[in-house]
>>> print(open('upload.cif').read())   # mmCIF, C-alpha atoms and all ligand atoms
data_upload
loop_
_atom_site.label_atom_id
_atom_site.label_comp_id
_atom_site.auth_asym_id
_atom_site.auth_seq_id
_atom_site.Cartn_x
_atom_site.Cartn_y
_atom_site.Cartn_z
CA MET D 1 -255.80 94.07 -58.23
CA LYS D 2 -252.95 92.41 -56.33
CA LYS D 3 -249.64 94.28 -56.36
CA GLN D 4 -246.35 92.77 -57.63
CA ILE D 5 -243.72 92.61 -54.92
CA LEU D 6 -240.09 91.59 -55.25
CA LEU D 7 -238.99 89.77 -52.08
CA ILE D 8 -235.23 89.52 -51.57
CA HIS D 9 -233.78 87.40 -48.78
CA THR D 10 -230.38 88.15 -47.26
CA GLY D 11 -230.45 86.01 -44.08
CA GLY D 12 -230.63 87.00 -40.40
CA THR D 13 -232.68 85.59 -37.52
CA ILE D 14 -235.82 85.80 -39.67
CA SER D 15 -234.26 82.96 -41.74
CA MET D 16 -232.86 80.97 -38.78
CA HIS D 17 -234.09 78.41 -36.25
CA VAL D 18 -233.11 77.25 -32.77
CA ASN D 19 -231.17 74.00 -32.83
CA GLU D 20 -232.87 71.91 -30.16
CA GLU D 21 -229.71 70.08 -29.10
CA SER D 22 -227.35 73.03 -28.73
CA GLY D 23 -229.95 75.72 -28.01
CA ALA D 24 -228.09 78.02 -30.42
CA VAL D 25 -229.86 80.06 -33.09
CA VAL D 26 -228.37 79.02 -36.43
CA PRO D 27 -228.94 79.66 -40.15
CA ASP D 28 -231.12 77.17 -42.05
CA VAL D 29 -229.98 75.44 -45.22
CA VAL D 30 -233.44 75.99 -46.68
CA ASN D 31 -234.85 79.38 -45.75
CA PRO D 32 -237.90 78.73 -43.47
CA LEU D 33 -239.62 81.70 -45.11
CA THR D 34 -239.96 79.79 -48.39
CA LYS D 35 -242.57 77.58 -46.66
CA GLU D 36 -244.65 80.69 -46.02
CA SER D 37 -245.26 81.61 -49.67
CA LYS D 38 -248.98 80.77 -49.50
CA LYS D 39 -249.52 83.12 -46.55
CA LEU D 40 -247.73 85.91 -48.41
CA GLU D 41 -249.63 85.39 -51.69
CA LYS D 42 -252.79 86.49 -49.84
CA PHE D 43 -251.37 90.01 -49.79
CA ALA D 44 -249.50 90.34 -53.12
CA HIS D 45 -247.95 88.47 -56.04
CA ILE D 46 -244.47 87.67 -54.81
CA SER D 47 -241.30 87.05 -56.83
CA GLU D 48 -238.49 85.78 -54.61
CA ILE D 49 -234.72 86.08 -54.86
CA ASP D 50 -232.30 84.49 -52.40
CA ALA D 51 -229.50 87.03 -52.57
CA PHE D 52 -227.53 85.83 -49.51
CA ASN D 53 -228.04 83.69 -46.45
CA LEU D 54 -225.91 85.68 -44.02
CA PRO D 55 -226.14 86.54 -40.36
CA SER D 56 -226.14 90.31 -40.60
CA PRO D 57 -222.82 90.77 -38.73
CA HIS D 58 -221.34 89.10 -41.85
CA MET D 59 -222.78 91.80 -44.13
CA THR D 60 -220.22 94.17 -45.69
CA PRO D 61 -220.66 97.32 -47.78
CA GLU D 62 -219.74 95.12 -50.78
CA HIS D 63 -222.80 92.96 -50.07
CA MET D 64 -224.87 96.14 -49.76
CA LEU D 65 -223.60 97.30 -53.15
CA GLN D 66 -224.43 93.89 -54.64
CA LEU D 67 -227.93 94.15 -53.19
CA ARG D 68 -228.31 97.63 -54.61
CA ASN D 69 -227.23 96.33 -58.04
CA ILE D 70 -229.76 93.47 -57.87
CA ILE D 71 -232.57 95.91 -57.02
CA GLN D 72 -231.58 98.42 -59.73
CA ALA D 73 -231.41 95.66 -62.36
CA GLU D 74 -234.76 94.15 -61.30
CA LEU D 75 -236.50 97.53 -61.35
CA VAL D 76 -235.31 98.12 -64.92
CA VAL D 77 -236.66 94.79 -66.18
CA HIS D 78 -239.87 94.41 -64.14
CA GLU D 79 -242.61 96.79 -63.08
CA TYR D 80 -242.63 95.95 -59.39
CA ASP D 81 -244.91 97.92 -57.09
CA GLY D 82 -242.53 97.44 -54.20
CA VAL D 83 -239.43 95.66 -52.94
CA VAL D 84 -239.18 93.89 -49.57
CA ILE D 85 -235.85 92.74 -48.15
CA THR D 86 -235.46 90.33 -45.25
CA HIS D 87 -232.31 91.02 -43.25
CA GLY D 88 -230.64 90.32 -39.91
CA THR D 89 -231.40 93.07 -37.44
CA ASP D 90 -227.83 93.73 -36.21
CA THR D 91 -226.80 95.69 -39.31
CA LEU D 92 -230.23 96.18 -40.88
CA GLU D 93 -230.14 99.94 -40.33
CA GLU D 94 -226.83 100.13 -42.19
CA THR D 95 -228.05 98.27 -45.27
CA ALA D 96 -231.25 100.34 -45.21
CA TYR D 97 -229.29 103.60 -45.15
CA PHE D 98 -226.79 102.45 -47.78
CA LEU D 99 -229.65 101.58 -50.16
CA ASP D 100 -231.38 104.85 -49.31
CA LEU D 101 -228.29 106.80 -50.37
CA THR D 102 -227.52 104.82 -53.51
CA ILE D 103 -230.85 103.97 -55.18
CA SER D 104 -232.90 106.62 -56.89
CA THR D 105 -236.46 105.34 -57.25
CA SER D 106 -239.90 106.16 -55.94
CA VAL D 107 -240.75 102.44 -55.70
CA PRO D 108 -241.06 101.50 -51.99
CA ILE D 109 -238.07 99.54 -50.67
CA ILE D 110 -238.79 98.04 -47.25
CA LEU D 111 -236.42 96.14 -44.96
CA THR D 112 -237.66 93.84 -42.26
CA GLY D 113 -236.32 91.16 -39.95
CA ALA D 114 -237.09 89.29 -36.76
CA MET D 115 -235.86 89.22 -33.19
CA ARG D 116 -237.04 85.62 -32.65
CA SER D 117 -236.15 82.83 -35.05
CA SER D 118 -238.67 80.74 -37.00
CA ASN D 119 -239.31 78.00 -34.39
CA GLU D 120 -239.16 80.14 -31.23
CA ILE D 121 -242.30 80.89 -29.21
CA GLY D 122 -243.64 84.28 -30.28
CA SER D 123 -241.57 84.25 -33.48
CA ASP D 124 -242.06 87.65 -35.13
CA GLY D 125 -240.60 86.88 -38.57
CA ILE D 126 -243.65 86.06 -40.63
CA TYR D 127 -245.64 88.78 -38.88
CA ASN D 128 -243.07 91.44 -39.75
CA LEU D 129 -242.72 90.11 -43.29
CA VAL D 130 -246.47 90.36 -43.92
CA ALA D 131 -246.46 93.89 -42.46
CA ALA D 132 -243.56 94.87 -44.74
CA ILE D 133 -245.38 93.48 -47.79
CA ARG D 134 -248.54 95.37 -46.82
CA VAL D 135 -246.53 98.62 -46.53
CA ALA D 136 -244.78 97.95 -49.86
CA CYS D 137 -248.22 97.70 -51.50
CA GLU D 138 -249.30 101.11 -50.17
CA ASP D 139 -249.44 104.11 -52.48
CA HIS D 140 -248.26 106.33 -49.61
CA ALA D 141 -245.05 104.35 -49.36
CA HIS D 142 -243.94 105.68 -52.76
CA GLY D 143 -241.23 108.34 -52.73
CA GLN D 144 -240.50 107.98 -48.99
CA GLY D 145 -237.04 106.49 -49.48
CA VAL D 146 -235.97 103.19 -47.99
CA LEU D 147 -238.10 102.20 -45.00
CA VAL D 148 -237.79 99.75 -42.13
CA VAL D 149 -240.90 97.90 -40.97
CA MET D 150 -240.76 96.05 -37.65
CA ASN D 151 -243.17 95.57 -34.77
CA ASP D 152 -246.06 97.48 -36.40
CA GLU D 153 -244.00 100.60 -37.05
CA ILE D 154 -242.59 102.24 -40.18
CA HIS D 155 -239.25 104.04 -39.88
CA ALA D 156 -237.15 106.12 -42.26
CA ALA D 157 -233.73 104.62 -43.03
CA ALA D 158 -231.77 107.72 -41.95
CA ASN D 159 -233.25 107.80 -38.46
CA VAL D 160 -233.93 104.23 -37.44
CA THR D 161 -231.60 102.35 -35.13
CA LYS D 162 -231.52 99.08 -33.20
CA THR D 163 -231.99 100.04 -29.54
CA SER D 164 -232.41 96.75 -27.71
CA THR D 165 -230.41 93.55 -27.96
CA SER D 166 -233.45 91.30 -27.77
CA ASN D 167 -236.77 93.16 -27.43
CA VAL D 168 -239.09 92.87 -30.44
CA ALA D 169 -239.63 96.66 -30.19
CA THR D 170 -235.93 97.18 -30.81
CA PHE D 171 -236.14 99.50 -33.84
CA GLN D 172 -236.73 103.12 -32.96
CA SER D 173 -236.07 106.52 -34.50
CA PRO D 174 -234.79 108.46 -31.48
CA GLN D 175 -234.79 111.92 -33.07
CA TYR D 176 -238.09 111.93 -34.88
CA GLY D 177 -240.10 108.80 -34.11
CA PRO D 178 -241.58 106.41 -36.66
CA ILE D 179 -243.11 107.87 -39.83
CA GLY D 180 -246.09 105.55 -39.71
CA LEU D 181 -247.82 102.71 -37.95
CA ILE D 182 -249.53 99.53 -38.96
CA THR D 183 -252.79 98.17 -37.59
CA ASN D 184 -254.77 95.08 -38.46
CA LYS D 185 -256.82 97.03 -40.95
CA ASN D 186 -254.71 99.97 -42.08
CA ILE D 187 -251.33 101.48 -42.76
CA HIS D 188 -251.09 105.03 -41.36
CA PHE D 189 -248.31 107.31 -42.59
CA HIS D 190 -248.20 110.40 -40.40
CA HIS D 191 -245.14 112.24 -41.71
CA SER D 192 -242.48 112.02 -44.42
CA PRO D 193 -238.73 112.49 -44.52
CA VAL D 194 -238.12 116.06 -45.72
CA MET D 195 -235.18 115.31 -47.97
CA ARG D 196 -233.68 112.51 -50.03
CA GLU D 197 -230.06 112.17 -51.01
CA PHE D 198 -228.63 110.14 -53.86
CA VAL D 199 -225.05 109.25 -54.73
CA GLU D 200 -224.12 107.29 -57.84
CA ILE D 201 -221.54 104.62 -56.98
CA ASP D 202 -220.39 101.40 -58.62
CA HIS D 203 -217.27 100.56 -56.61
CA LEU D 204 -216.04 100.58 -53.02
CA THR D 205 -212.30 101.03 -52.98
CA LYS D 206 -211.92 103.73 -50.30
CA ARG D 207 -212.06 102.79 -46.62
CA VAL D 208 -213.60 104.55 -43.62
CA ALA D 209 -212.83 103.81 -39.96
CA MET D 210 -214.98 104.76 -36.98
CA LEU D 211 -213.75 105.38 -33.45
CA LYS D 212 -215.88 105.88 -30.35
CA THR D 213 -214.45 108.31 -27.80
CA TYR D 214 -214.43 107.79 -24.03
CA ALA D 215 -213.08 109.46 -20.92
CA GLY D 216 -209.32 109.07 -20.79
CA MET D 217 -208.99 107.88 -24.40
CA GLU D 218 -205.38 107.71 -25.57
CA ALA D 219 -204.04 108.89 -28.92
CA ASP D 220 -202.43 105.63 -30.03
CA ILE D 221 -205.69 104.22 -31.44
CA PHE D 222 -206.08 107.28 -33.67
CA ASP D 223 -202.47 107.07 -34.72
CA ALA D 224 -202.98 103.40 -35.68
CA VAL D 225 -205.87 104.45 -37.94
CA ARG D 226 -203.66 107.13 -39.53
CA LEU D 227 -200.87 104.61 -40.07
CA ALA D 228 -203.34 102.16 -41.64
CA LYS D 229 -204.12 104.88 -44.20
CA TYR D 230 -207.88 104.96 -43.97
CA ASP D 231 -209.41 107.39 -46.46
CA GLY D 232 -211.91 108.81 -43.99
CA VAL D 233 -212.60 108.69 -40.24
CA VAL D 234 -215.81 109.06 -38.25
CA ILE D 235 -215.51 110.00 -34.59
CA GLU D 236 -218.33 109.29 -32.19
CA GLY D 237 -217.66 112.25 -29.94
CA LEU D 238 -218.88 112.99 -26.44
CA GLY D 239 -222.03 115.06 -25.89
CA GLN D 240 -222.37 117.70 -28.61
CA GLY D 241 -219.30 116.31 -30.40
CA ASN D 242 -216.33 116.94 -28.11
CA VAL D 243 -213.26 114.74 -27.63
CA PRO D 244 -210.66 114.25 -24.88
CA PRO D 245 -207.69 116.65 -25.27
CA SER D 246 -205.29 113.72 -25.64
CA ILE D 247 -206.51 112.98 -29.17
CA VAL D 248 -206.72 116.52 -30.60
CA GLU D 249 -203.26 116.39 -32.15
CA SER D 250 -204.05 113.06 -33.82
CA VAL D 251 -207.28 114.47 -35.24
CA GLU D 252 -205.36 117.47 -36.54
CA ASN D 253 -202.78 115.19 -38.17
CA LEU D 254 -205.51 113.25 -39.98
CA ILE D 255 -207.08 116.47 -41.28
CA GLN D 256 -203.66 117.73 -42.42
CA ASP D 257 -203.24 114.47 -44.33
CA ASP D 258 -206.49 115.40 -46.17
CA VAL D 259 -208.42 112.61 -44.49
CA PRO D 260 -212.01 113.83 -43.96
CA VAL D 261 -212.94 113.56 -40.27
CA VAL D 262 -216.67 113.52 -39.52
CA VAL D 263 -217.81 114.03 -35.93
CA VAL D 264 -221.12 112.67 -34.63
CA SER D 265 -222.21 112.10 -31.05
CA ARG D 266 -222.12 108.90 -29.07
CA CYS D 267 -225.38 110.19 -27.49
CA PHE D 268 -228.50 108.38 -28.51
CA ASN D 269 -230.32 111.62 -29.27
CA GLY D 270 -229.58 115.10 -30.58
CA ILE D 271 -227.19 116.75 -33.02
CA ALA D 272 -223.42 117.11 -32.71
CA GLN D 273 -222.18 120.65 -33.37
CA GLY D 274 -219.21 122.90 -32.80
CA VAL D 275 -220.22 124.62 -29.58
CA TYR D 276 -217.36 124.35 -27.09
CA GLY D 277 -214.09 126.25 -27.46
CA TYR D 278 -212.01 124.37 -24.87
CA VAL D 279 -209.27 121.97 -25.99
CA GLY D 280 -211.10 119.08 -27.68
CA GLY D 281 -214.38 121.04 -27.77
CA GLY D 282 -216.46 120.85 -30.95
CA LYS D 283 -215.80 124.48 -31.92
CA MET D 284 -212.08 123.84 -31.78
CA LEU D 285 -212.38 120.67 -33.89
CA GLU D 286 -214.59 122.44 -36.39
CA ASP D 287 -212.01 125.22 -36.71
CA LEU D 288 -209.40 122.55 -37.39
CA GLY D 289 -211.57 121.27 -40.28
CA ALA D 290 -213.63 118.48 -38.72
CA ILE D 291 -217.05 118.04 -40.36
CA TYR D 292 -220.20 118.10 -38.23
CA THR D 293 -223.52 116.66 -39.39
CA ASN D 294 -227.17 116.74 -38.43
CA GLY D 295 -227.96 113.87 -36.14
CA ILE D 296 -227.17 110.64 -38.00
CA ASN D 297 -225.50 108.03 -35.82
CA GLY D 298 -221.92 106.81 -36.16
CA GLN D 299 -222.58 103.73 -38.25
CA LYS D 300 -224.65 105.75 -40.73
CA ALA D 301 -222.16 108.62 -40.87
CA ARG D 302 -219.54 106.00 -41.67
CA LEU D 303 -221.57 104.67 -44.61
CA LYS D 304 -222.36 108.18 -45.79
CA LEU D 305 -218.65 109.04 -45.83
CA LEU D 306 -217.87 105.73 -47.54
CA VAL D 307 -220.43 106.43 -50.24
CA ALA D 308 -219.21 110.02 -50.67
CA LEU D 309 -215.56 108.94 -50.96
CA ASN D 310 -216.48 106.28 -53.52
CA GLN D 311 -218.82 108.44 -55.61
CA ASN D 312 -218.51 107.91 -59.36
CA ASP D 313 -218.10 111.47 -60.59
CA CYS D 314 -216.43 113.32 -57.67
CA SER D 315 -218.91 116.21 -58.03
CA LEU D 316 -220.05 116.00 -54.43
CA ASN D 317 -218.45 118.28 -51.86
CA ILE D 318 -218.10 116.06 -48.79
CA ALA D 319 -218.49 118.80 -46.15
CA GLU D 320 -221.62 120.17 -47.87
CA PHE D 321 -223.04 116.67 -48.23
CA PHE D 322 -222.81 116.27 -44.45
CA HIS D 323 -224.04 119.76 -43.57
CA ASN D 324 -227.14 119.35 -45.73
CA ASN D 325 -228.70 116.33 -44.13
N1 LIG D 401 -232.28 89.42 -34.90
C1 LIG D 401 -231.29 89.24 -35.76
O1 LIG D 401 -231.52 89.14 -36.94
C2 LIG D 401 -229.90 89.21 -35.18
C3 LIG D 401 -228.90 88.38 -35.92
N2 LIG D 401 -227.69 88.27 -35.15
C4 LIG D 401 -228.56 88.99 -37.28
O2 LIG D 401 -228.44 90.18 -37.37
O3 LIG D 401 -228.37 88.28 -38.22
#
>>> encode(input="upload.cif", output="structure tokens")
Amino acid sequence: MKKQILLIHTGGTISMHVNEESGAVVPDVVNPLTKESKKLEKFAHISEIDAFNLPSPHMTPEHMLQLRNIIQAELVVHEYDGVVITHGTDTLEETAYFLDLTISTSVPIILTGAMRSSNEIGSDGIYNLVAAIRVACEDHAHGQGVLVVMNDEIHAAANVTKTSTSNVATFQSPQYGPIGLITNKNIHFHHSPVMREFVEIDHLTKRVAMLKTYAGMEADIFDAVRLAKYDGVVIEGLGQGNVPPSIVESVENLIQDDVPVVVVSRCFNGIAQGVYGYVGGGKMLEDLGAIYTNGINGQKARLKLLVALNQNDCSLNIAEFFHNN
């Protein structure tokens, strides 16, 4: 029997075309994917919702929360076997992770997108969408958390990241690899995320800033963040999570103001940790009260801190929440 899939569109290149006069890739008034319904019905019964039509750099955490609310409400009213979301690829990993942290369901939720718009040669949109629908129909996809399906691979939301500006194989999970792959005939899951996290939120009033460190960084940028009264700060540190000595005092000031400071690495791979005891070394920052975490990238650590700061019941200890992942 055909499965029931909820398909939610949010925009992105998968819903755009190249304007022949200007050569620019632009959003369509009518989503080109709506013309593809017949192709999709071969794989599942599809119910469609046009949530947004946004290039993904226009997505905000508020849109992500709206999307989460749509999904929660739909899953209460209908017995869907899976949910597929089309999304721009620039911030797709952020929406995927936000939904992963804030929706508690075993129903598969799959995000997909395209690197080439609907009328470009080698357009990958409809191909990825069909693959995502096939994965959403799979029994093995249940209970795996939010997944990203692109270019014949299945990735867990916490690990996946966009690695190339334009290559169709852009989505990779540097630490752990994909959790499954898709062939013409089959969907192969070969491992599962070991843990799931869930935070109940219904508002986003607290703000989190993220700063990337670099050789010779000066303190004034940090001080501007402190003056702007952000509620939390994520630092993309160097190597294992170290920072230039010039900013140590500013970090200390933030921590003394009770602003949680989470340190990740600007490295593509590996885990930031308090190892070095020199000025600005991770051990020193940890002793000052900076929070280290297990290998999520900066943009995801930022969302995780945002979600933690905006939790409904304040029961979550922020440092523990980061240490556990
Ligand atoms: N391939 C894409 O979808 C990129 C586009 N700029 C977006 O994120 O909306």
>>> residues_near_ligand(input="upload.cif", ligand="ligand LIG 401 (chain D)", cutoff="8 Å", atoms="all atoms listed in the file", output="VMD selection string")
chain D and resid 11 to 14 54 to 58 87 to 92 113 to 117 166
>>> residues_around(input="upload.cif", residues="D:Ala319", least_positions_apart="6", cutoff="10 Å", atoms="all atoms listed in the file", output="list in words")
Pro260, Val261, Val262, Gly289, Ala290, Ile291, Tyr292, Thr293, Leu305 and Ala308 of chain D
>>> write_last_selection(input="upload.cif", atoms="C-alpha atoms", output="PDB file, in the frame of the given file")
ATOM      1  CA  PRO D 260    -212.010 113.830 -43.960  1.00  0.00           C
ATOM      2  CA  VAL D 261    -212.940 113.560 -40.270  1.00  0.00           C
ATOM      3  CA  VAL D 262    -216.670 113.520 -39.520  1.00  0.00           C
ATOM      4  CA  GLY D 289    -211.570 121.270 -40.280  1.00  0.00           C
ATOM      5  CA  ALA D 290    -213.630 118.480 -38.720  1.00  0.00           C
ATOM      6  CA  ILE D 291    -217.050 118.040 -40.360  1.00  0.00           C
ATOM      7  CA  TYR D 292    -220.200 118.100 -38.230  1.00  0.00           C
ATOM      8  CA  THR D 293    -223.520 116.660 -39.390  1.00  0.00           C
ATOM      9  CA  LEU D 305    -218.650 109.040 -45.830  1.00  0.00           C
ATOM     10  CA  ALA D 308    -219.210 110.020 -50.670  1.00  0.00           C
TER      11      ALA D 308
END
>>> closest_residue(input="upload.cif", among="D:Asp28, D:Asp223, D:Glu21, D:Glu79", to="D:Ile247", atoms="all atoms listed in the file")
D:Asp223
>>> residues_around(input="upload.cif", residues="stretch 190-199 of chain D", least_positions_apart="4", cutoff="10 Å", atoms="only C-alpha atoms", output="number ranges by chain")
D: 98-105, 140-141, 143-146, 154-159, 176-181, 304, 307-308, 310-316, 321, 324-325
>>> atom_distance(input="upload.cif", atom1="atom CA of D:Gly282", atom2="atom CA of D:Asn242")
4.8 Å
>>> closest_residue(input="upload.cif", among="D:Asp124, D:Glu48, D:Asp257, D:Asp81", to="D:Pro108", atoms="all atoms listed in the file")
D:Asp81
>>> atom_distance(input="upload.cif", atom1="atom CA of D:Glu236", atom2="atom CA of D:Ser265")
4.9 Å
>>> closest_residue(input="upload.cif", among="D:Asn294, D:Thr165, D:Ser22, D:Gln299", to="D:Glu320", atoms="only C-alpha atoms")
D:Asn294
>>> atom_distance(input="upload.cif", atom1="atom CA of D:Val259", atom2="atom CA of D:Gly298")
16.9 Å
>>> closest_residue(input="upload.cif", among="D:Leu306, D:Leu7, D:Val251, D:Leu75", to="D:Gly232", atoms="only C-alpha atoms")
D:Leu306
>>> residues_around(input="upload.cif", residues="D:Gln273", least_positions_apart="2", cutoff="12 Å", atoms="all atoms listed in the file", output="MDAnalysis selection string")
chainID D and resid 237:242 262:265 270:271 275:277 281:287 290:295 322:323
>>> axis_aligned_box(input="upload.cif", around="stretch 168-185 of chain D", padding_each_side="8 Å", output="lines of an AutoDock Vina configuration file")
center_x = -245.8
center_y = 102.4
center_z = -35.6
size_x = 38.0
size_y = 35.1
size_z = 26.8
>>> closest_residue(input="upload.cif", among="D:Leu129, D:Val77, D:Leu303, D:Leu111", to="D:Ile46", atoms="all atoms listed in the file")
D:Leu129
>>> closest_residue(input="upload.cif", among="D:Val30, D:Val107, D:Asn297, D:Tyr214", to="D:Pro245", atoms="all atoms listed in the file")
D:Tyr214
>>> residues_near_point(input="upload.cif", point="(-232.1, 76.4, -33.2)", cutoff="10 Å", atoms="only C-alpha atoms", output="list in words")
Met16, His17, Val18, Asn19, Glu20, Glu21, Ser22, Gly23, Ala24, Val25, Val26, Pro27, Asp28, Ser117, Ser118, Asn119 and Glu120 of chain D
